[in-house]
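Read through the structure below, which is laid out as structure tokens, and then see the notes.
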Amino acid sequence: MQKPAVSKGSAAGWLAVAAAGLSLALYAAPDSAAPFNFEEVAREAGIDHFTVYGNQQTNRYLLETTGSGAALVDVDGDGWLDVFLVNGARLDEDTPEAVSRLYRNRRDGTFEDVTEAAGVGRAGWGQGVCAGDYDNDGDTDLAVTYWGPNSLFQNRGAGVFEDVAAAAGLAQNRRRWNSGCAFLDYDRDGHADLFVANYIDFEPDSTPTPDSG
């Protein structure tokens with residue numbers, strides 16, 4: 001049976017509707033307590049790594065103000081959502097520890113860092129991520145956008161990936177600021193297509209800075 005493609009945009013739309021509804025409910029009853037609360041447990045759950053996007057103290061370029069994407073997706077088909085987090089970089093120094101991370105759900109409220117074993121630990125100025133089964137094999141694949149060449153991580157099964165971007169025709173003839181992405185079947189042929197949004201042209205050597213006058 002064909003597995004439908006996952007559209008990041010539709011999920012974001014539902015989240016926006018839900019958030020708007022919650023805001024209206026809280027505004028209508030300011031004296032009543034919210035029906036839920038959140039607690040920060042990332043580190044206790046095993047999701048703990050160094051996130052980078054730009055200089056730690058000051059930002060000179062717009063690129064340095066953009067954070068990194070995230071995806072909650074069942075990469076190994078066990079019915080539990082795993083966590084993929086995109087990481088960035090810095091313009092003025094190497095950050096080899098800043099790679100995208102994949103955390104496998106241990107099914108007990110904790111996660112295990114399986115980045116290296118899964119083959120998704122690419123460094124670079126990451127931006128967004130989207131998930132979908134583009135090859136219709138029943139396993140969820142990941143597309144990750146970058147300032148620079150993108151990655152298409154094909155799921156080989158059991159949550160092990162291979163970057164096949166070049167072989168899949170996603171190579172670029174110049175460096176682009178790729179931002180968001182989405183899998184969708186736009187021509188209704190039963191195969192997930194990939195849409196990648198691009199932002200402005202940016203090269204540090206030719207871009208004015210705030211202190212350049």
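By order of appearance in the structure tokens: chains A, B, ..., then residues from 1 within every chain, and ligands from 1 in the order shown.
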Using DSSP on the backbone, list every residue of stretch 120-183 of chain A that comes out as strand (DSSP E or B), and give them as a ChimeraX atom specification.
/A:123,126-132,141-147,151-155,161-163,177-183
Shell around stretch 71-86 of chain A at 7 Å using only C-alpha atoms, local window under 6 positions removed, as a list in words
Ser100, Arg101, Leu102, Tyr103, Arg104, Asn105, Arg107, Gly126, Gln127, Gly128, Val129, Cys130, Thr140, Gly157, Ala158 and Gly159 of chain A
Residues just named, written with all heavy atoms as a compact mmCIF listing (two decimals), in the first residue's frame:
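See selection.txt below for the written result:
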```txt
# COMPACT_ATOMS: atom_id res chain seq x y z
N SER A 100 23.96 18.37 12.67
CA SER A 100 22.57 18.02 12.93
C SER A 100 22.52 16.73 13.74
O SER A 100 23.38 15.86 13.59
CB SER A 100 21.83 17.86 11.60
OG SER A 100 21.80 19.08 10.90
N ARG A 101 21.48 16.62 14.57
CA ARG A 101 21.40 15.49 15.50
C ARG A 101 20.09 14.72 15.34
O ARG A 101 19.04 15.32 15.12
CB ARG A 101 21.50 15.98 16.95
CG ARG A 101 22.83 16.62 17.31
CD ARG A 101 23.88 15.58 17.57
NE ARG A 101 25.20 16.18 17.79
CZ ARG A 101 26.31 15.47 17.99
NH1 ARG A 101 26.24 14.15 18.02
NH2 ARG A 101 27.47 16.07 18.15
N LEU A 102 20.19 13.41 15.47
CA LEU A 102 19.01 12.55 15.48
C LEU A 102 18.95 11.81 16.80
O LEU A 102 19.92 11.13 17.20
CB LEU A 102 19.06 11.55 14.33
CG LEU A 102 17.90 10.54 14.27
CD1 LEU A 102 16.56 11.24 14.09
CD2 LEU A 102 18.12 9.51 13.16
N TYR A 103 17.82 11.95 17.49
CA TYR A 103 17.61 11.28 18.77
C TYR A 103 16.51 10.24 18.62
O TYR A 103 15.38 10.57 18.26
CB TYR A 103 17.23 12.29 19.85
CG TYR A 103 18.34 13.27 20.20
CD1 TYR A 103 18.43 14.50 19.54
CD2 TYR A 103 19.28 12.97 21.17
CE1 TYR A 103 19.46 15.39 19.86
CE2 TYR A 103 20.29 13.86 21.49
CZ TYR A 103 20.37 15.07 20.83
OH TYR A 103 21.38 15.95 21.15
N ARG A 104 16.85 8.98 18.91
CA ARG A 104 15.88 7.89 18.82
C ARG A 104 15.08 7.79 20.12
O ARG A 104 15.63 7.86 21.22
CB ARG A 104 16.59 6.56 18.56
CG ARG A 104 15.63 5.38 18.36
CD ARG A 104 16.41 4.09 18.13
NE ARG A 104 17.20 3.73 19.29
CZ ARG A 104 16.73 3.08 20.35
NH1 ARG A 104 15.46 2.71 20.41
NH2 ARG A 104 17.52 2.78 21.36
N ASN A 105 13.78 7.64 19.97
CA ASN A 105 12.89 7.52 21.11
C ASN A 105 13.05 6.15 21.77
O ASN A 105 12.88 5.11 21.12
CB ASN A 105 11.44 7.70 20.65
CG ASN A 105 10.49 7.98 21.79
OD1 ASN A 105 10.64 7.44 22.87
ND2 ASN A 105 9.50 8.81 21.53
N ARG A 107 11.17 5.04 24.10
CA ARG A 107 9.82 4.61 24.50
C ARG A 107 9.59 4.66 26.00
O ARG A 107 8.66 4.05 26.52
CB ARG A 107 9.53 3.18 23.99
CG ARG A 107 9.90 2.93 22.55
CD ARG A 107 9.57 1.51 22.14
NE ARG A 107 10.32 1.11 20.96
CZ ARG A 107 10.21 -0.07 20.38
NH1 ARG A 107 9.38 -0.98 20.89
NH2 ARG A 107 10.92 -0.38 19.33
N GLY A 126 22.88 24.81 8.53
CA GLY A 126 21.56 24.23 8.34
C GLY A 126 20.44 25.23 8.58
O GLY A 126 20.59 26.15 9.38
N GLN A 127 19.33 25.02 7.90
CA GLN A 127 18.19 25.92 8.03
C GLN A 127 16.91 25.17 8.39
O GLN A 127 16.42 25.26 9.49
CB GLN A 127 18.00 26.70 6.72
CG GLN A 127 19.11 27.69 6.42
CD GLN A 127 19.05 28.92 7.31
OE1 GLN A 127 18.23 29.81 7.14
NE2 GLN A 127 19.95 28.98 8.28
N GLY A 128 16.37 24.41 7.47
CA GLY A 128 15.09 23.75 7.71
C GLY A 128 15.16 22.26 7.43
O GLY A 128 16.15 21.74 6.91
N VAL A 129 14.09 21.56 7.78
CA VAL A 129 13.99 20.12 7.53
C VAL A 129 12.54 19.77 7.25
O VAL A 129 11.62 20.38 7.81
CB VAL A 129 14.52 19.30 8.74
CG1 VAL A 129 13.77 19.66 10.02
CG2 VAL A 129 14.42 17.80 8.46
N CYS A 130 12.32 18.83 6.35
CA CYS A 130 10.98 18.30 6.11
C CYS A 130 11.09 16.79 5.94
O CYS A 130 12.15 16.26 5.60
CB CYS A 130 10.32 18.95 4.89
SG CYS A 130 11.29 18.89 3.37
N THR A 140 10.35 6.81 6.18
CA THR A 140 10.34 8.27 6.09
C THR A 140 11.74 8.81 5.83
O THR A 140 12.69 8.51 6.56
CB THR A 140 9.79 8.88 7.38
OG1 THR A 140 8.48 8.38 7.61
CG2 THR A 140 9.72 10.40 7.26
N GLY A 157 16.13 2.04 5.88
CA GLY A 157 15.45 1.09 6.74
C GLY A 157 16.01 1.11 8.14
O GLY A 157 17.22 1.31 8.33
N ALA A 158 15.12 0.96 9.12
CA ALA A 158 15.51 0.94 10.54
C ALA A 158 16.20 2.22 10.97
O ALA A 158 17.00 2.23 11.91
CB ALA A 158 16.41 -0.25 10.84
N GLY A 159 15.92 3.34 10.28
CA GLY A 159 16.47 4.62 10.71
C GLY A 159 17.91 4.86 10.32
O GLY A 159 18.58 5.70 10.93
```
Interface rows for stretch 63-116 of chain A against stretch 38-55 of chain A: nearest pair, Å to one decimal, 8 Å, only C-alpha atoms, as CSV:
```
residue,atom,partner,partner_atom,distance
A:Leu63,CA,A:Gly54,CA,7.5
A:Glu64,CA,A:Gly54,CA,4.2
A:Thr65,CA,A:Gly54,CA,7.0
A:Thr66,CA,A:Tyr53,CA,6.9
A:Gly67,CA,A:Tyr53,CA,6.1
A:Ser68,CA,A:Tyr53,CA,7.5
A:Asn87,CA,A:Thr51,CA,5.9
A:Gly88,CA,A:Tyr53,CA,4.6
A:Ala89,CA,A:Tyr53,CA,5.2
A:Arg90,CA,A:Gly54,CA,4.6
A:Leu91,CA,A:Gly54,CA,6.8
A:Asp92,CA,A:Asn55,CA,7.7
A:Glu97,CA,A:Phe50,CA,7.4
A:Ala98,CA,A:Val52,CA,6.3
A:Tyr103,CA,A:Ile47,CA,7.0
A:Gly109,CA,A:Ala45,CA,6.4
A:Thr110,CA,A:Ala45,CA,4.2
A:Phe111,CA,A:Gly46,CA,5.2
A:Glu112,CA,A:Gly46,CA,6.4
A:Asp113,CA,A:Ile47,CA,7.6
```
Dump of C-alpha atoms for the selected residues, as a PDB file, in the first residue's frame:
```pdb
ATOM      1  CA  LEU A  63      22.139  34.796   8.178  1.00  0.00           C
ATOM      2  CA  GLU A  64      23.373  34.747  11.760  1.00  0.00           C
ATOM      3  CA  THR A  65      19.917  35.582  13.116  1.00  0.00           C
ATOM      4  CA  THR A  66      18.144  32.551  11.665  1.00  0.00           C
ATOM      5  CA  GLY A  67      17.773  29.538  13.901  1.00  0.00           C
ATOM      6  CA  SER A  68      17.566  25.891  12.949  1.00  0.00           C
ATOM      7  CA  ASN A  87      22.332  22.667  13.452  1.00  0.00           C
ATOM      8  CA  GLY A  88      24.124  25.699  12.045  1.00  0.00           C
ATOM      9  CA  ALA A  89      27.629  27.145  11.909  1.00  0.00           C
ATOM     10  CA  ARG A  90      29.685  30.317  12.309  1.00  0.00           C
ATOM     11  CA  LEU A  91      31.329  32.510   9.715  1.00  0.00           C
ATOM     12  CA  ASP A  92      34.444  33.369  11.724  1.00  0.00           C
ATOM     13  CA  GLU A  97      30.833  19.767  16.937  1.00  0.00           C
ATOM     14  CA  ALA A  98      27.851  21.602  15.447  1.00  0.00           C
ATOM     15  CA  TYR A 103      17.609  11.280  18.768  1.00  0.00           C
ATOM     16  CA  GLY A 109      10.333   9.305  27.913  1.00  0.00           C
ATOM     17  CA  THR A 110      14.031   9.451  27.064  1.00  0.00           C
ATOM     18  CA  PHE A 111      16.041   9.634  23.833  1.00  0.00           C
ATOM     19  CA  GLU A 112      19.336   8.230  22.543  1.00  0.00           C
ATOM     20  CA  ASP A 113      21.683  10.172  20.266  1.00  0.00           C
TER      21      ASP A 113
END
```
